[in-house]
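Worksheet: the structure to be examined is printed underneath.
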Amino acid sequence: MGGFDSPKVCDTCGETIEDKFKHGNETGKLLEEYVNGNSNVFPKIIRNETVKILARRLREAHKNGKAVAEYSVTLDRDWKPINQYTKGAWFRGRFDVVQYLPSKVMSIFDWKAYGINRRTGEIYVKSKYQDQLTIYCMAALSSRPDKVAARSALVFYDAGPRFDPIVPRSGGDIIRADLEDLRRYWGGKAEAMLADDVFAPRPGDPYCGYCDYSKKKGGPCPVA
């Protein structure tokens, strides 16, 4: 289980489970509609003032052709951009928001609904998502040969008012001079992953420790 496209039935126990990602899916869609100008109403569920300012700034940038919500990238095995309907594409990705900055820089924002202490509003997963954002920057830069750098930031829109919801991830930032080395590195990791075609169920530690539906975490799965 896990991920936005996960089935609503637990693979192990067979029970139908509640959509754990409903808040994130719905809020992300509202932000997308607002930034892209399809809605004039700012999502009321967003209460953090810094996030409000950022979303309004991105909306203005979109009006000027400098930002896109739900930015889609499709690449071939040579990391060249291709049509999204091309069969056998090597990479497909969609990013929450991409903003085009001066000096040919792309800035990627990734909305996050989770990883926040619900009592204090503090963000507790700041150190995560490094690999994800590195790949985002690689793909974005590969899709735009006219750009020279890509950078990224996480945006925890449910963060409390005392905490900065925007967490830049400079470790994932990429300049074009580094792109070829990173392509080789991640290409090798992808080849190894794609060569593994056996996905047998392995309930128990440590695997169930990552699942929010495990018995230990109060979920419906009776196995572990």
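By convention in this document, the chains of the structure tokens carry letters A, B, ... by their order, each chain's residues are numbered from 1, and ligands are numbered from 1 in the order they are shown.
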Counting only C-alpha atoms, what is within 12 Å of His62 of chain A, bar same-chain residues fewer than 5 positions away, as a short mmCIF file (atom, residue, chain, number, x, y, z; two decimals) with all heavy atoms, in the first residue's frame?
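File around.cif, as written:
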data_model
loop_
_atom_site.label_atom_id
_atom_site.label_comp_id
_atom_site.auth_asym_id
_atom_site.auth_seq_id
_atom_site.Cartn_x
_atom_site.Cartn_y
_atom_site.Cartn_z
N GLU A 32 -3.40 23.68 -7.49
CA GLU A 32 -3.16 23.63 -8.93
C GLU A 32 -4.13 24.55 -9.67
O GLU A 32 -3.73 25.34 -10.54
CB GLU A 32 -3.32 22.19 -9.43
CG GLU A 32 -3.26 22.07 -10.94
CD GLU A 32 -3.81 20.74 -11.45
OE1 GLU A 32 -3.90 19.79 -10.65
OE2 GLU A 32 -4.15 20.67 -12.64
N GLU A 33 -5.42 24.42 -9.34
CA GLU A 33 -6.44 25.23 -10.02
C GLU A 33 -6.22 26.72 -9.77
O GLU A 33 -6.42 27.55 -10.66
CB GLU A 33 -7.83 24.81 -9.53
CG GLU A 33 -8.23 23.39 -9.91
CD GLU A 33 -8.45 23.23 -11.39
OE1 GLU A 33 -9.06 24.12 -12.00
OE2 GLU A 33 -7.99 22.22 -11.96
N TYR A 34 -5.80 27.05 -8.56
CA TYR A 34 -5.58 28.46 -8.23
C TYR A 34 -4.36 29.03 -8.96
O TYR A 34 -4.42 30.09 -9.57
CB TYR A 34 -5.41 28.62 -6.71
CG TYR A 34 -5.18 30.06 -6.29
CD1 TYR A 34 -6.25 30.95 -6.24
CD2 TYR A 34 -3.91 30.52 -5.97
CE1 TYR A 34 -6.05 32.28 -5.87
CE2 TYR A 34 -3.70 31.83 -5.60
CZ TYR A 34 -4.77 32.71 -5.55
OH TYR A 34 -4.57 34.02 -5.20
N VAL A 35 -3.25 28.32 -8.90
CA VAL A 35 -2.01 28.81 -9.54
C VAL A 35 -2.20 28.92 -11.05
O VAL A 35 -1.76 29.90 -11.67
CB VAL A 35 -0.82 27.88 -9.20
CG1 VAL A 35 0.40 28.25 -10.04
CG2 VAL A 35 -0.50 27.97 -7.71
N ASN A 36 -2.86 27.94 -11.66
CA ASN A 36 -3.05 27.96 -13.12
C ASN A 36 -4.14 28.92 -13.57
O ASN A 36 -4.40 29.05 -14.77
CB ASN A 36 -3.37 26.56 -13.63
CG ASN A 36 -2.11 25.76 -13.93
OD1 ASN A 36 -1.02 26.31 -13.95
ND2 ASN A 36 -2.27 24.47 -14.16
N GLY A 37 -4.81 29.57 -12.61
CA GLY A 37 -5.81 30.56 -12.97
C GLY A 37 -7.17 29.98 -13.31
O GLY A 37 -8.05 30.71 -13.77
N ASN A 38 -7.37 28.69 -13.08
CA ASN A 38 -8.67 28.09 -13.36
C ASN A 38 -9.68 28.36 -12.26
O ASN A 38 -10.87 28.11 -12.44
CB ASN A 38 -8.52 26.57 -13.55
CG ASN A 38 -7.68 26.24 -14.77
OD1 ASN A 38 -7.72 26.96 -15.76
ND2 ASN A 38 -6.93 25.16 -14.71
N ALA A 55 1.74 31.11 -3.12
CA ALA A 55 0.75 30.70 -4.12
C ALA A 55 0.30 31.89 -4.97
O ALA A 55 0.14 31.77 -6.19
CB ALA A 55 -0.44 30.03 -3.44
N ARG A 56 0.11 33.02 -4.33
CA ARG A 56 -0.30 34.22 -5.08
C ARG A 56 0.81 34.69 -6.00
O ARG A 56 0.56 35.14 -7.13
CB ARG A 56 -0.73 35.31 -4.10
CG ARG A 56 -2.07 35.01 -3.43
CD ARG A 56 -2.34 35.88 -2.24
NE ARG A 56 -3.62 35.51 -1.62
CZ ARG A 56 -3.91 35.68 -0.34
NH1 ARG A 56 -3.01 36.22 0.48
NH2 ARG A 56 -5.07 35.31 0.14
N ARG A 57 2.05 34.58 -5.54
CA ARG A 57 3.19 34.95 -6.38
C ARG A 57 3.29 34.02 -7.60
O ARG A 57 3.53 34.48 -8.71
CB ARG A 57 4.48 34.87 -5.57
CG ARG A 57 5.70 35.45 -6.28
CD ARG A 57 6.94 35.22 -5.46
NE ARG A 57 7.46 33.88 -5.65
CZ ARG A 57 8.23 33.23 -4.78
NH1 ARG A 57 8.52 33.78 -3.62
NH2 ARG A 57 8.67 32.02 -5.04
N ALA A 67 5.35 30.45 -14.83
CA ALA A 67 5.12 29.35 -13.89
C ALA A 67 4.06 28.41 -14.45
O ALA A 67 3.16 28.84 -15.17
CB ALA A 67 4.70 29.86 -12.52
N VAL A 68 4.19 27.13 -14.12
CA VAL A 68 3.24 26.12 -14.55
C VAL A 68 2.97 25.17 -13.39
O VAL A 68 3.90 24.65 -12.77
CB VAL A 68 3.77 25.29 -15.74
CG1 VAL A 68 2.74 24.25 -16.17
CG2 VAL A 68 4.14 26.18 -16.91
N ALA A 69 1.69 24.97 -13.08
CA ALA A 69 1.32 23.96 -12.09
C ALA A 69 1.09 22.64 -12.80
O ALA A 69 0.60 22.61 -13.93
CB ALA A 69 0.06 24.38 -11.33
N GLU A 70 1.44 21.52 -12.14
CA GLU A 70 1.34 20.19 -12.74
C GLU A 70 2.17 20.12 -14.03
O GLU A 70 1.69 19.76 -15.10
CB GLU A 70 -0.11 19.82 -13.01
CG GLU A 70 -0.91 19.55 -11.75
CD GLU A 70 -0.41 18.33 -10.99
OE1 GLU A 70 -0.55 17.22 -11.50
OE2 GLU A 70 0.13 18.51 -9.88
N TYR A 71 3.43 20.48 -13.90
CA TYR A 71 4.37 20.48 -15.02
C TYR A 71 4.74 19.04 -15.37
O TYR A 71 5.23 18.29 -14.54
CB TYR A 71 5.63 21.26 -14.62
CG TYR A 71 6.69 21.39 -15.69
CD1 TYR A 71 6.65 22.44 -16.60
CD2 TYR A 71 7.74 20.47 -15.77
CE1 TYR A 71 7.64 22.57 -17.56
CE2 TYR A 71 8.72 20.60 -16.74
CZ TYR A 71 8.67 21.65 -17.63
OH TYR A 71 9.64 21.78 -18.59
N VAL A 97 4.70 22.44 -9.10
CA VAL A 97 4.84 23.76 -9.73
C VAL A 97 6.28 23.94 -10.19
O VAL A 97 7.22 23.61 -9.47
CB VAL A 97 4.49 24.92 -8.76
CG1 VAL A 97 4.53 26.25 -9.52
CG2 VAL A 97 3.13 24.73 -8.12
N VAL A 98 6.43 24.48 -11.40
CA VAL A 98 7.74 24.91 -11.90
C VAL A 98 7.66 26.39 -12.22
O VAL A 98 6.74 26.83 -12.92
CB VAL A 98 8.17 24.11 -13.14
CG1 VAL A 98 9.41 24.73 -13.77
CG2 VAL A 98 8.44 22.66 -12.78
N GLN A 99 8.61 27.14 -11.69
CA GLN A 99 8.68 28.58 -11.96
C GLN A 99 9.96 28.87 -12.72
O GLN A 99 11.03 28.33 -12.41
CB GLN A 99 8.65 29.39 -10.66
CG GLN A 99 8.66 30.90 -10.90
CD GLN A 99 8.64 31.68 -9.59
OE1 GLN A 99 8.90 31.14 -8.52
NE2 GLN A 99 8.34 32.97 -9.68
N TYR A 100 9.86 29.74 -13.74
CA TYR A 100 11.02 30.14 -14.52
C TYR A 100 11.55 31.45 -13.96
O TYR A 100 10.86 32.46 -13.95
CB TYR A 100 10.65 30.29 -15.99
CG TYR A 100 10.05 29.05 -16.59
CD1 TYR A 100 8.73 29.04 -17.02
CD2 TYR A 100 10.80 27.88 -16.68
CE1 TYR A 100 8.17 27.89 -17.55
CE2 TYR A 100 10.25 26.72 -17.23
CZ TYR A 100 8.93 26.73 -17.65
OH TYR A 100 8.37 25.60 -18.18
N LEU A 101 12.79 31.40 -13.49
CA LEU A 101 13.43 32.57 -12.87
C LEU A 101 14.42 33.21 -13.84
O LEU A 101 14.80 32.60 -14.85
CB LEU A 101 14.15 32.13 -11.59
CG LEU A 101 13.27 31.46 -10.53
CD1 LEU A 101 14.13 30.99 -9.36
CD2 LEU A 101 12.18 32.42 -10.05
#
* To do: Write out as a PyMOL selection string each polymer residue whose atoms come within 8 Å of Arg183 of chain A, counting only C-alpha atoms; drop sequence neighbours fewer than 4 positions from it.
  => chain A and resi 79+138+179+187
Please produce a file of the residues just selected, as a short mmCIF file (atom, residue, chain, number, x, y, z; two decimals), in the first residue's frame, where the atoms kept are N, CA, C and O atoms.
data_model
loop_
_atom_site.label_atom_id
_atom_site.label_comp_id
_atom_site.auth_asym_id
_atom_site.auth_seq_id
_atom_site.Cartn_x
_atom_site.Cartn_y
_atom_site.Cartn_z
N TRP A 79 17.54 10.83 -22.33
CA TRP A 79 17.11 11.97 -21.51
C TRP A 79 16.71 13.18 -22.36
O TRP A 79 16.84 14.32 -21.96
N MET A 138 16.85 16.96 -12.29
CA MET A 138 17.45 16.35 -13.47
C MET A 138 16.47 16.33 -14.64
O MET A 138 16.81 16.70 -15.77
N LEU A 179 24.96 17.59 -15.13
CA LEU A 179 23.82 16.78 -15.55
C LEU A 179 24.24 15.42 -16.11
O LEU A 179 23.62 14.40 -15.79
N GLY A 187 20.81 6.49 -14.11
CA GLY A 187 20.49 5.51 -15.13
C GLY A 187 20.90 4.12 -14.69
O GLY A 187 20.17 3.14 -14.91
#
* With a distance cut-off of 10 Å and only C-alpha atoms, select the neighbouring residues of Gly172 of chain A, excluding the residue or stretch itself and same-chain residues fewer than 4 positions from it, and output the selection as a list of chain:residue names. => A:Tyr129, A:Gln130, A:Asp131, A:Gln132, A:Leu133, A:Thr134, A:Ile135, A:Tyr136, A:Cys137, A:Met138, A:Ala150, A:Arg151, A:Ser152, A:Ala153, A:Pro168
Output as a short mmCIF file (atom, residue, chain, number, x, y, z; two decimals) with N, CA, C and O atoms, in the first residue's frame all residues of segment 1-219 of chain A that backbone DSSP marks as strand (DSSP E or B).
data_model
loop_
_atom_site.label_atom_id
_atom_site.label_comp_id
_atom_site.auth_asym_id
_atom_site.auth_seq_id
_atom_site.Cartn_x
_atom_site.Cartn_y
_atom_site.Cartn_z
N VAL A 9 -7.92 -1.30 -1.42
CA VAL A 9 -8.03 -2.57 -0.70
C VAL A 9 -6.64 -3.02 -0.30
O VAL A 9 -5.72 -3.02 -1.11
N THR A 16 -11.12 -3.10 2.77
CA THR A 16 -11.17 -1.77 2.17
C THR A 16 -10.73 -0.75 3.23
O THR A 16 -11.16 -0.81 4.37
N ALA A 67 5.35 30.45 -14.83
CA ALA A 67 5.12 29.35 -13.89
C ALA A 67 4.06 28.41 -14.45
O ALA A 67 3.16 28.84 -15.17
N VAL A 68 4.19 27.13 -14.12
CA VAL A 68 3.24 26.12 -14.55
C VAL A 68 2.97 25.17 -13.39
O VAL A 68 3.90 24.65 -12.77
N ALA A 69 1.69 24.97 -13.08
CA ALA A 69 1.32 23.96 -12.09
C ALA A 69 1.09 22.64 -12.80
O ALA A 69 0.60 22.61 -13.93
N GLU A 70 1.44 21.52 -12.14
CA GLU A 70 1.34 20.19 -12.74
C GLU A 70 2.17 20.12 -14.03
O GLU A 70 1.69 19.76 -15.10
N TYR A 71 3.43 20.48 -13.90
CA TYR A 71 4.37 20.48 -15.02
C TYR A 71 4.74 19.04 -15.37
O TYR A 71 5.23 18.29 -14.54
N SER A 72 4.48 18.64 -16.62
CA SER A 72 4.68 17.26 -17.04
C SER A 72 5.94 17.12 -17.88
O SER A 72 6.23 17.96 -18.74
N VAL A 73 6.70 16.04 -17.63
CA VAL A 73 7.94 15.76 -18.36
C VAL A 73 7.93 14.32 -18.84
O VAL A 73 7.62 13.40 -18.07
N THR A 74 8.27 14.10 -20.10
CA THR A 74 8.45 12.76 -20.65
C THR A 74 9.77 12.75 -21.40
O THR A 74 10.01 13.60 -22.27
N LEU A 75 10.64 11.76 -21.07
CA LEU A 75 11.98 11.70 -21.65
C LEU A 75 12.24 10.31 -22.23
O LEU A 75 11.70 9.31 -21.75
N PRO A 81 13.62 15.25 -24.31
CA PRO A 81 12.16 15.38 -24.19
C PRO A 81 11.44 14.82 -25.41
O PRO A 81 11.87 15.03 -26.55
N PHE A 91 11.29 8.01 -18.98
CA PHE A 91 10.93 8.73 -17.76
C PHE A 91 9.64 9.50 -17.99
O PHE A 91 9.47 10.16 -19.02
N ARG A 92 8.75 9.41 -17.03
CA ARG A 92 7.54 10.24 -17.01
C ARG A 92 7.43 10.84 -15.62
O ARG A 92 7.56 10.12 -14.62
N GLY A 93 7.19 12.12 -15.54
CA GLY A 93 7.05 12.75 -14.24
C GLY A 93 6.15 13.97 -14.32
O GLY A 93 5.93 14.54 -15.39
N ARG A 94 5.62 14.32 -13.17
CA ARG A 94 4.78 15.52 -13.08
C ARG A 94 5.10 16.22 -11.78
O ARG A 94 5.06 15.60 -10.71
N PHE A 95 5.41 17.49 -11.86
CA PHE A 95 5.84 18.26 -10.70
C PHE A 95 4.75 19.26 -10.31
O PHE A 95 4.07 19.81 -11.17
N ASP A 96 4.62 19.53 -9.02
CA ASP A 96 3.52 20.38 -8.55
C ASP A 96 3.56 21.77 -9.19
O ASP A 96 2.57 22.23 -9.74
N VAL A 97 4.70 22.44 -9.10
CA VAL A 97 4.84 23.76 -9.73
C VAL A 97 6.28 23.94 -10.19
O VAL A 97 7.22 23.61 -9.47
N VAL A 98 6.43 24.48 -11.40
CA VAL A 98 7.74 24.91 -11.90
C VAL A 98 7.66 26.39 -12.22
O VAL A 98 6.74 26.83 -12.92
N GLN A 99 8.61 27.14 -11.69
CA GLN A 99 8.68 28.58 -11.96
C GLN A 99 9.96 28.87 -12.72
O GLN A 99 11.03 28.33 -12.41
N TYR A 100 9.86 29.74 -13.74
CA TYR A 100 11.02 30.14 -14.52
C TYR A 100 11.55 31.45 -13.96
O TYR A 100 10.86 32.46 -13.95
N LEU A 101 12.79 31.40 -13.49
CA LEU A 101 13.43 32.57 -12.87
C LEU A 101 14.42 33.21 -13.84
O LEU A 101 14.80 32.60 -14.85
N VAL A 105 17.07 29.92 -14.83
CA VAL A 105 16.96 28.98 -13.71
C VAL A 105 15.52 28.50 -13.58
O VAL A 105 14.58 29.30 -13.70
N MET A 106 15.34 27.20 -13.32
CA MET A 106 14.03 26.63 -13.04
C MET A 106 13.92 26.35 -11.55
O MET A 106 14.84 25.79 -10.96
N SER A 107 12.80 26.71 -10.96
CA SER A 107 12.58 26.47 -9.54
C SER A 107 11.37 25.55 -9.38
O SER A 107 10.28 25.85 -9.87
N ILE A 108 11.57 24.41 -8.70
CA ILE A 108 10.53 23.41 -8.54
C ILE A 108 10.00 23.45 -7.10
O ILE A 108 10.78 23.39 -6.15
N PHE A 109 8.67 23.52 -6.97
CA PHE A 109 8.04 23.50 -5.65
C PHE A 109 7.22 22.22 -5.53
O PHE A 109 6.42 21.90 -6.41
N ASP A 110 7.43 21.51 -4.44
CA ASP A 110 6.72 20.25 -4.19
C ASP A 110 5.84 20.41 -2.96
O ASP A 110 6.33 20.53 -1.84
N TRP A 111 4.51 20.45 -3.17
CA TRP A 111 3.58 20.59 -2.05
C TRP A 111 3.62 19.34 -1.17
O TRP A 111 3.62 18.22 -1.66
N LYS A 112 3.62 19.53 0.15
CA LYS A 112 3.61 18.42 1.09
C LYS A 112 2.49 18.60 2.11
O LYS A 112 2.40 19.65 2.76
N ILE A 116 4.17 16.64 9.39
CA ILE A 116 3.99 17.77 10.30
C ILE A 116 3.41 17.27 11.62
O ILE A 116 2.50 16.45 11.64
N ILE A 123 7.48 21.03 11.38
CA ILE A 123 7.84 20.08 10.32
C ILE A 123 8.91 19.14 10.85
O ILE A 123 9.92 19.60 11.40
N ALA A 149 20.16 25.81 -14.93
CA ALA A 149 20.16 25.30 -13.56
C ALA A 149 18.73 25.02 -13.11
O ALA A 149 17.77 25.60 -13.63
N ALA A 150 18.61 24.09 -12.16
CA ALA A 150 17.30 23.78 -11.56
C ALA A 150 17.49 23.66 -10.06
O ALA A 150 18.47 23.07 -9.59
N ARG A 151 16.55 24.20 -9.31
CA ARG A 151 16.60 24.09 -7.85
C ARG A 151 15.22 23.70 -7.34
O ARG A 151 14.23 23.77 -8.07
N SER A 152 15.16 23.28 -6.08
CA SER A 152 13.90 22.73 -5.58
C SER A 152 13.65 23.13 -4.13
O SER A 152 14.58 23.50 -3.39
N ALA A 153 12.38 23.03 -3.75
CA ALA A 153 11.99 23.30 -2.36
C ALA A 153 10.72 22.53 -2.03
O ALA A 153 9.86 22.34 -2.89
N LEU A 154 10.64 22.06 -0.80
CA LEU A 154 9.42 21.45 -0.28
C LEU A 154 8.55 22.56 0.33
O LEU A 154 9.08 23.49 0.93
N VAL A 155 7.25 22.43 0.18
CA VAL A 155 6.33 23.41 0.76
C VAL A 155 5.30 22.65 1.61
O VAL A 155 4.40 22.00 1.09
N PHE A 156 5.45 22.73 2.93
CA PHE A 156 4.55 22.06 3.87
C PHE A 156 3.40 23.01 4.19
O PHE A 156 3.47 23.80 5.14
N ILE A 166 8.41 26.66 3.81
CA ILE A 166 9.22 26.45 2.61
C ILE A 166 10.59 25.95 3.02
O ILE A 166 11.34 26.64 3.72
N VAL A 167 10.92 24.74 2.59
CA VAL A 167 12.19 24.11 2.96
C VAL A 167 13.02 23.91 1.69
O VAL A 167 12.82 22.94 0.95
N PRO A 168 13.96 24.82 1.40
CA PRO A 168 14.81 24.65 0.21
C PRO A 168 15.69 23.41 0.36
O PRO A 168 16.14 23.09 1.45
N ILE A 174 20.83 21.44 -9.27
CA ILE A 174 21.67 20.94 -10.36
C ILE A 174 22.00 22.06 -11.33
O ILE A 174 21.13 22.86 -11.68
N ILE A 175 23.26 22.09 -11.77
CA ILE A 175 23.64 22.95 -12.89
C ILE A 175 23.91 22.05 -14.08
O ILE A 175 24.20 20.85 -13.94
#
* **Given only C-alpha atoms as the counted atoms, nearest of A:Gly88, A:Gly24, A:Pro222, A:Gly121 to Phe163 of chain A** =>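 The shortest atom-to-atom distance to Phe163 of chain A comes from A:Gly121.
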* Asked: How many Å separate atom CA of Cys221 of chain A from atom CA of Gly204 of chain A?
  ->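 Separating atom CA of Cys221 of chain A from atom CA of Gly204 of chain A is a distance of 11.3 Å.
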* Asked: In terms of the shortest atom-to-atom distance over only C-alpha atoms, which of A:Pro161, A:Gly188, A:Pro145, A:Pro102 is closest to Thr120 of chain A?
  ->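 The answer is A:Pro161, which sits nearest to Thr120 of chain A.
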* Any idea what the distance is between atom CA of Asp212 of chain A and atom CA of Lys22 of chain A? ->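 Atom-to-atom, atom CA of Asp212 of chain A to atom CA of Lys22 of chain A, that is 14.4 Å.
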* **DSSP-assigned helix (DSSP H, G or I) members of segment 112-178 of chain A, reported as an MDAnalysis selection string** => chainID A and resid 130:143 170:172 176:178
Got time to write the residues from that selection, N, CA, C and O atoms, as a PDB file, in the first residue's frame?
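Output (out-v3.pdb):
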ATOM      1  N   GLN A 130      15.351  13.852  -0.560  1.00  0.00           N
ATOM      2  CA  GLN A 130      16.509  14.350  -1.297  1.00  0.00           C
ATOM      3  C   GLN A 130      16.613  13.715  -2.689  1.00  0.00           C
ATOM      4  O   GLN A 130      16.781  14.417  -3.694  1.00  0.00           O
ATOM      5  N   ASP A 131      16.519  12.383  -2.749  1.00  0.00           N
ATOM      6  CA  ASP A 131      16.631  11.702  -4.036  1.00  0.00           C
ATOM      7  C   ASP A 131      15.509  12.121  -4.980  1.00  0.00           C
ATOM      8  O   ASP A 131      15.733  12.353  -6.175  1.00  0.00           O
ATOM      9  N   GLN A 132      14.307  12.209  -4.447  1.00  0.00           N
ATOM     10  CA  GLN A 132      13.155  12.597  -5.256  1.00  0.00           C
ATOM     11  C   GLN A 132      13.380  13.949  -5.911  1.00  0.00           C
ATOM     12  O   GLN A 132      13.163  14.114  -7.125  1.00  0.00           O
ATOM     13  N   LEU A 133      13.833  14.927  -5.143  1.00  0.00           N
ATOM     14  CA  LEU A 133      13.999  16.266  -5.678  1.00  0.00           C
ATOM     15  C   LEU A 133      15.193  16.367  -6.622  1.00  0.00           C
ATOM     16  O   LEU A 133      15.182  17.162  -7.564  1.00  0.00           O
ATOM     17  N   THR A 134      16.219  15.556  -6.387  1.00  0.00           N
ATOM     18  CA  THR A 134      17.344  15.518  -7.320  1.00  0.00           C
ATOM     19  C   THR A 134      16.873  15.032  -8.690  1.00  0.00           C
ATOM     20  O   THR A 134      17.230  15.604  -9.732  1.00  0.00           O
ATOM     21  N   ILE A 135      16.065  13.968  -8.681  1.00  0.00           N
ATOM     22  CA  ILE A 135      15.529  13.446  -9.937  1.00  0.00           C
ATOM     23  C   ILE A 135      14.612  14.470 -10.598  1.00  0.00           C
ATOM     24  O   ILE A 135      14.627  14.640 -11.830  1.00  0.00           O
ATOM     25  N   TYR A 136      13.812  15.164  -9.812  1.00  0.00           N
ATOM     26  CA  TYR A 136      12.958  16.217 -10.362  1.00  0.00           C
ATOM     27  C   TYR A 136      13.800  17.262 -11.104  1.00  0.00           C
ATOM     28  O   TYR A 136      13.480  17.668 -12.226  1.00  0.00           O
ATOM     29  N   CYS A 137      14.877  17.709 -10.454  1.00  0.00           N
ATOM     30  CA  CYS A 137      15.719  18.738 -11.061  1.00  0.00           C
ATOM     31  C   CYS A 137      16.399  18.216 -12.323  1.00  0.00           C
ATOM     32  O   CYS A 137      16.515  18.931 -13.325  1.00  0.00           O
ATOM     33  N   MET A 138      16.854  16.964 -12.289  1.00  0.00           N
ATOM     34  CA  MET A 138      17.454  16.353 -13.475  1.00  0.00           C
ATOM     35  C   MET A 138      16.472  16.326 -14.637  1.00  0.00           C
ATOM     36  O   MET A 138      16.812  16.704 -15.766  1.00  0.00           O
ATOM     37  N   ALA A 139      15.258  15.860 -14.363  1.00  0.00           N
ATOM     38  CA  ALA A 139      14.258  15.727 -15.414  1.00  0.00           C
ATOM     39  C   ALA A 139      13.838  17.094 -15.951  1.00  0.00           C
ATOM     40  O   ALA A 139      13.690  17.280 -17.167  1.00  0.00           O
ATOM     41  N   ALA A 140      13.635  18.045 -15.051  1.00  0.00           N
ATOM     42  CA  ALA A 140      13.226  19.385 -15.482  1.00  0.00           C
ATOM     43  C   ALA A 140      14.286  20.026 -16.367  1.00  0.00           C
ATOM     44  O   ALA A 140      13.984  20.610 -17.420  1.00  0.00           O
ATOM     45  N   LEU A 141      15.538  19.910 -15.957  1.00  0.00           N
ATOM     46  CA  LEU A 141      16.627  20.507 -16.722  1.00  0.00           C
ATOM     47  C   LEU A 141      16.804  19.786 -18.061  1.00  0.00           C
ATOM     48  O   LEU A 141      17.106  20.413 -19.079  1.00  0.00           O
ATOM     49  N   SER A 142      16.592  18.470 -18.067  1.00  0.00           N
ATOM     50  CA  SER A 142      16.683  17.710 -19.316  1.00  0.00           C
ATOM     51  C   SER A 142      15.573  18.098 -20.286  1.00  0.00           C
ATOM     52  O   SER A 142      15.759  18.040 -21.512  1.00  0.00           O
ATOM     53  N   SER A 143      14.422  18.486 -19.741  1.00  0.00           N
ATOM     54  CA  SER A 143      13.284  18.839 -20.590  1.00  0.00           C
ATOM     55  C   SER A 143      13.408  20.233 -21.201  1.00  0.00           C
ATOM     56  O   SER A 143      12.688  20.560 -22.137  1.00  0.00           O
ATOM     57  N   SER A 170      18.900  22.557  -1.223  1.00  0.00           N
ATOM     58  CA  SER A 170      20.033  22.918  -2.070  1.00  0.00           C
ATOM     59  C   SER A 170      20.858  21.704  -2.478  1.00  0.00           C
ATOM     60  O   SER A 170      21.536  21.723  -3.511  1.00  0.00           O
ATOM     61  N   GLY A 171      20.806  20.623  -1.679  1.00  0.00           N
ATOM     62  CA  GLY A 171      21.552  19.421  -2.020  1.00  0.00           C
ATOM     63  C   GLY A 171      21.071  18.775  -3.303  1.00  0.00           C
ATOM     64  O   GLY A 171      21.794  17.990  -3.921  1.00  0.00           O
ATOM     65  N   GLY A 172      19.851  19.102  -3.710  1.00  0.00           N
ATOM     66  CA  GLY A 172      19.308  18.538  -4.938  1.00  0.00           C
ATOM     67  C   GLY A 172      19.409  19.465  -6.128  1.00  0.00           C
ATOM     68  O   GLY A 172      19.026  19.102  -7.242  1.00  0.00           O
ATOM     69  N   ARG A 176      23.791  22.595 -15.267  1.00  0.00           N
ATOM     70  CA  ARG A 176      23.884  21.767 -16.469  1.00  0.00           C
ATOM     71  C   ARG A 176      25.220  21.042 -16.578  1.00  0.00           C
ATOM     72  O   ARG A 176      25.293  19.926 -17.106  1.00  0.00           O
ATOM     73  N   ALA A 177      26.286  21.617 -16.047  1.00  0.00           N
ATOM     74  CA  ALA A 177      27.600  20.979 -16.124  1.00  0.00           C
ATOM     75  C   ALA A 177      27.641  19.644 -15.387  1.00  0.00           C
ATOM     76  O   ALA A 177      28.455  18.772 -15.708  1.00  0.00           O
ATOM     77  N   ASP A 178      26.756  19.462 -14.400  1.00  0.00           N
ATOM     78  CA  ASP A 178      26.730  18.221 -13.612  1.00  0.00           C
ATOM     79  C   ASP A 178      25.727  17.204 -14.138  1.00  0.00           C
ATOM     80  O   ASP A 178      25.652  16.076 -13.632  1.00  0.00           O
TER      81      ASP A 178
END
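Across the model, the gap from atom CA of Pro43 of chain A to atom CA of Lys29 of chain A is 9.7 Å.
Non-sequential neighbours of Ala89 of chain A (distance at most 9 Å, separation of 3 or more positions within a chain, only C-alpha atoms) are Thr74, Leu75, Asp76, Arg77, Ile82, Asn83, Gln84, Tyr85, Thr86 and Arg92 of chain A.
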* Structure fact -> Shortest contact to Lys80 of chain A, candidates A:Asp164, A:Ala195, A:Gly218, A:Arg144, atoms counted only C-alpha atoms, goes to A:Arg144
